[in-house]
Amino acid sequence: MTHRQSLPQQWLILDGCLGEDALRRLPRRSGVLVLGPLSASARRRLRQIARARQLTVVSEVQGRAVRVHDQRELTRALLRRSPLILLSPIHPTGSHPDWPPLPRMRAAALARLTGRKAFALGGMTAERYAKVARLGFLGWAGISAFRT
C-alpha cells in the first residue's frame with residue numbers, strides 16, 4: 001500500500017485462519033487485514049486469491065493498520081502515522097461481547113480527528129456502515145460480516 005494508493009472501503013479481518021469462503025465473498029478491490037501470523041501455505045493461498053480478486057492485503061503486525069478504542073490509542077496511532085485506523089467498537093460485537101459500543105458522537109469525534117483515515121469496526125455490516133458513514137468514516141471492516 002503506497003501513499004498515493006486509495007484505500008478500499010470494505011475490509012475483511014482475518015483473525016488467525018484464512019477463511020477462503022469469506023475472501024471469495026468480498027467484492028473486488030476490497031481490503032483484507034491480517035491480524036496475526038499465517039502459515040506459509042496460508043500466506044501463499046491468500047496472495048493467490050488477493051491477486052485474482054484485486055484485494056489489498058495489509059498486516060497489522062507490520063504496523064500498517066491499528067485498532068483504536070479511545071482517544072489515547074488514537075493519539076498513539078496518529079503519532080505513528082498509521083495509514084489505516086480502525087475505530088472500534090461501533091456496534092455490539094460477538095468477538096468482544098464485554099466491550100460496550102462507543103457512543104455515537106464520541107465515535108464521530110474520534111473519526112474526524114483521524115483526518116479521514118478512520119474505518120468503522122465492531123458489529124459492522126454494509127447496512128450499518130451506510131448509517132454511520134456521514135460521521136466521518138472512510139469505510140468499514142468486519143470479521144463475521146463476510147462469513148455465513
# chains A, B, ... in the order shown; residues from 1 in each chain; ligands from 1

$ select_by_dssp --residues "segment 15-121 of chain A" --states "helix (DSSP H, G or I)" --output "ChimeraX atom specification"
/A:20-25,40-53,71-79,104-113

$ write_last_selection --atoms "C-alpha atoms" --output "short mmCIF file (atom, residue, chain, number, x, y, z; two decimals), in the first residue's frame"
data_model
loop_
_atom_site.label_atom_id
_atom_site.label_comp_id
_atom_site.auth_asym_id
_atom_site.auth_seq_id
_atom_site.Cartn_x
_atom_site.Cartn_y
_atom_site.Cartn_z
CA GLU A 20 -11.32 -18.69 1.81
CA ASP A 21 -15.13 -18.55 1.55
CA ALA A 22 -15.17 -15.09 3.13
CA LEU A 23 -12.37 -13.95 0.81
CA ARG A 24 -14.39 -15.06 -2.19
CA ARG A 25 -17.48 -13.20 -0.92
CA ALA A 40 3.43 -20.24 4.75
CA SER A 41 0.79 -22.15 2.79
CA ALA A 42 -1.99 -19.83 4.03
CA ARG A 43 0.06 -16.75 3.03
CA ARG A 44 0.63 -18.25 -0.44
CA ARG A 45 -3.07 -19.01 -0.84
CA LEU A 46 -4.02 -15.52 0.36
CA ARG A 47 -1.67 -13.95 -2.21
CA GLN A 48 -3.25 -16.08 -4.97
CA ILE A 49 -6.81 -15.14 -4.04
CA ALA A 50 -5.88 -11.49 -3.49
CA ARG A 51 -4.24 -11.26 -6.90
CA ALA A 52 -7.22 -12.87 -8.63
CA ARG A 53 -9.79 -10.66 -6.83
CA GLN A 71 -8.54 8.94 22.48
CA ARG A 72 -5.22 7.75 23.95
CA GLU A 73 -4.89 4.92 21.43
CA LEU A 74 -5.90 7.29 18.62
CA THR A 75 -3.18 9.76 19.61
CA ARG A 76 -0.61 6.95 19.55
CA ALA A 77 -1.81 5.79 16.12
CA LEU A 78 -1.67 9.32 14.70
CA LEU A 79 1.84 9.88 16.07
CA ARG A 104 -22.33 7.75 18.51
CA MET A 105 -20.98 11.29 18.97
CA ARG A 106 -17.74 10.08 20.56
CA ALA A 107 -17.21 7.79 17.58
CA ALA A 108 -17.88 10.74 15.25
CA ALA A 109 -15.42 12.96 17.12
CA LEU A 110 -12.69 10.31 17.07
CA ALA A 111 -13.32 9.58 13.38
CA ARG A 112 -12.97 13.24 12.47
CA LEU A 113 -9.75 13.57 14.48
#

$ select_by_dssp --residues "segment 78-114 of chain A" --states "strand (DSSP E or B)" --output "PyMOL selection string"
chain A and resi 84-87

$ closest_residue --among "A:Ser39, A:Gln62, A:Thr56, A:Gln10" --to "Leu121 of chain A" --atoms "only C-alpha atoms"
A:Gln10

$ closest_residue --among "A:Pro103, A:Pro83, A:Pro97, A:Pro37" --to "Asp70 of chain A" --atoms "only C-alpha atoms"
A:Pro103

$ atom_distance --atom1 "atom CA of Leu7 of chain A" --atom2 "atom CA of Arg128 of chain A"
19.4 Å

$ atom_distance --atom1 "atom CA of Ser144 of chain A" --atom2 "atom CA of Ser82 of chain A"
24.2 Å

$ closest_residue --among "A:Trp99, A:Tyr129, A:Phe119, A:Phe137" --to "Val66 of chain A" --atoms "only C-alpha atoms"
A:Phe119

$ residues_around --residues "Lys117 of chain A" --least-positions-apart "3" --cutoff "7 Å" --atoms "only C-alpha atoms" --output "JSON, numbers by chain"
{"A": [83, 84, 85, 114, 138]}

$ decode --residues "segment 8-30 of chain A" --atoms "N, CA and C atoms" --output "mmCIF file, in the first residue's frame"
data_model
loop_
_atom_site.group_PDB
_atom_site.id
_atom_site.type_symbol
_atom_site.label_atom_id
_atom_site.label_comp_id
_atom_site.auth_asym_id
_atom_site.auth_seq_id
_atom_site.Cartn_x
_atom_site.Cartn_y
_atom_site.Cartn_z
ATOM 1 N N PRO A 8 -9.356 0.686 0.116
ATOM 2 C CA PRO A 8 -10.675 0.104 -0.122
ATOM 3 C C PRO A 8 -11.668 0.567 0.943
ATOM 4 N N GLN A 9 -12.945 0.556 0.597
ATOM 5 C CA GLN A 9 -13.978 0.964 1.557
ATOM 6 C C GLN A 9 -14.349 -0.175 2.503
ATOM 7 N N GLN A 10 -14.269 -1.424 2.041
ATOM 8 C CA GLN A 10 -14.632 -2.581 2.859
ATOM 9 C C GLN A 10 -13.399 -3.419 3.150
ATOM 10 N N TRP A 11 -13.322 -3.882 4.412
ATOM 11 C CA TRP A 11 -12.189 -4.695 4.841
ATOM 12 C C TRP A 11 -12.670 -5.942 5.570
ATOM 13 N N LEU A 12 -12.104 -7.075 5.212
ATOM 14 C CA LEU A 12 -12.309 -8.316 5.944
ATOM 15 C C LEU A 12 -11.145 -8.466 6.906
ATOM 16 N N ILE A 13 -11.456 -8.790 8.146
ATOM 17 C CA ILE A 13 -10.400 -9.011 9.126
ATOM 18 C C ILE A 13 -10.207 -10.508 9.307
ATOM 19 N N LEU A 14 -8.992 -10.960 9.047
ATOM 20 C CA LEU A 14 -8.645 -12.368 9.253
ATOM 21 C C LEU A 14 -7.982 -12.483 10.611
ATOM 22 N N ASP A 15 -8.596 -13.272 11.454
ATOM 23 C CA ASP A 15 -8.116 -13.384 12.836
ATOM 24 C C ASP A 15 -7.482 -14.741 13.116
ATOM 25 N N GLY A 16 -6.573 -15.161 12.268
ATOM 26 C CA GLY A 16 -5.832 -16.380 12.536
ATOM 27 C C GLY A 16 -6.064 -17.494 11.540
ATOM 28 N N CYS A 17 -7.217 -17.539 10.892
ATOM 29 C CA CYS A 17 -7.451 -18.566 9.877
ATOM 30 C C CYS A 17 -7.735 -17.882 8.544
ATOM 31 N N LEU A 18 -7.512 -18.604 7.466
ATOM 32 C CA LEU A 18 -7.594 -17.995 6.147
ATOM 33 C C LEU A 18 -9.010 -17.617 5.741
ATOM 34 N N GLY A 19 -9.997 -18.456 5.925
ATOM 35 C CA GLY A 19 -11.371 -18.112 5.569
ATOM 36 C C GLY A 19 -11.553 -17.863 4.081
ATOM 37 N N GLU A 20 -11.248 -18.865 3.266
ATOM 38 C CA GLU A 20 -11.321 -18.691 1.814
ATOM 39 C C GLU A 20 -12.720 -18.336 1.334
ATOM 40 N N ASP A 21 -13.760 -18.892 1.964
ATOM 41 C CA ASP A 21 -15.127 -18.552 1.549
ATOM 42 C C ASP A 21 -15.400 -17.066 1.743
ATOM 43 N N ALA A 22 -14.977 -16.519 2.873
ATOM 44 C CA ALA A 22 -15.172 -15.090 3.135
ATOM 45 C C ALA A 22 -14.381 -14.251 2.131
ATOM 46 N N LEU A 23 -13.175 -14.678 1.793
ATOM 47 C CA LEU A 23 -12.371 -13.948 0.812
ATOM 48 C C LEU A 23 -13.065 -13.919 -0.546
ATOM 49 N N ARG A 24 -13.699 -14.998 -0.897
ATOM 50 C CA ARG A 24 -14.392 -15.056 -2.193
ATOM 51 C C ARG A 24 -15.683 -14.236 -2.198
ATOM 52 N N ARG A 25 -16.265 -14.015 -1.025
ATOM 53 C CA ARG A 25 -17.482 -13.205 -0.919
ATOM 54 C C ARG A 25 -17.194 -11.701 -0.954
ATOM 55 N N LEU A 26 -15.963 -11.351 -0.689
ATOM 56 C CA LEU A 26 -15.596 -9.929 -0.710
ATOM 57 C C LEU A 26 -15.759 -9.355 -2.115
ATOM 58 N N PRO A 27 -16.283 -8.155 -2.213
ATOM 59 C CA PRO A 27 -16.305 -7.505 -3.533
ATOM 60 C C PRO A 27 -14.880 -7.272 -4.027
ATOM 61 N N ARG A 28 -14.681 -7.288 -5.325
ATOM 62 C CA ARG A 28 -13.366 -6.995 -5.894
ATOM 63 C C ARG A 28 -12.870 -5.652 -5.372
ATOM 64 N N ARG A 29 -11.577 -5.543 -5.238
ATOM 65 C CA ARG A 29 -10.894 -4.333 -4.762
ATOM 66 C C ARG A 29 -11.202 -3.992 -3.306
ATOM 67 N N SER A 30 -11.619 -4.974 -2.541
ATOM 68 C CA SER A 30 -11.794 -4.777 -1.100
ATOM 69 C C SER A 30 -10.442 -4.961 -0.420
#
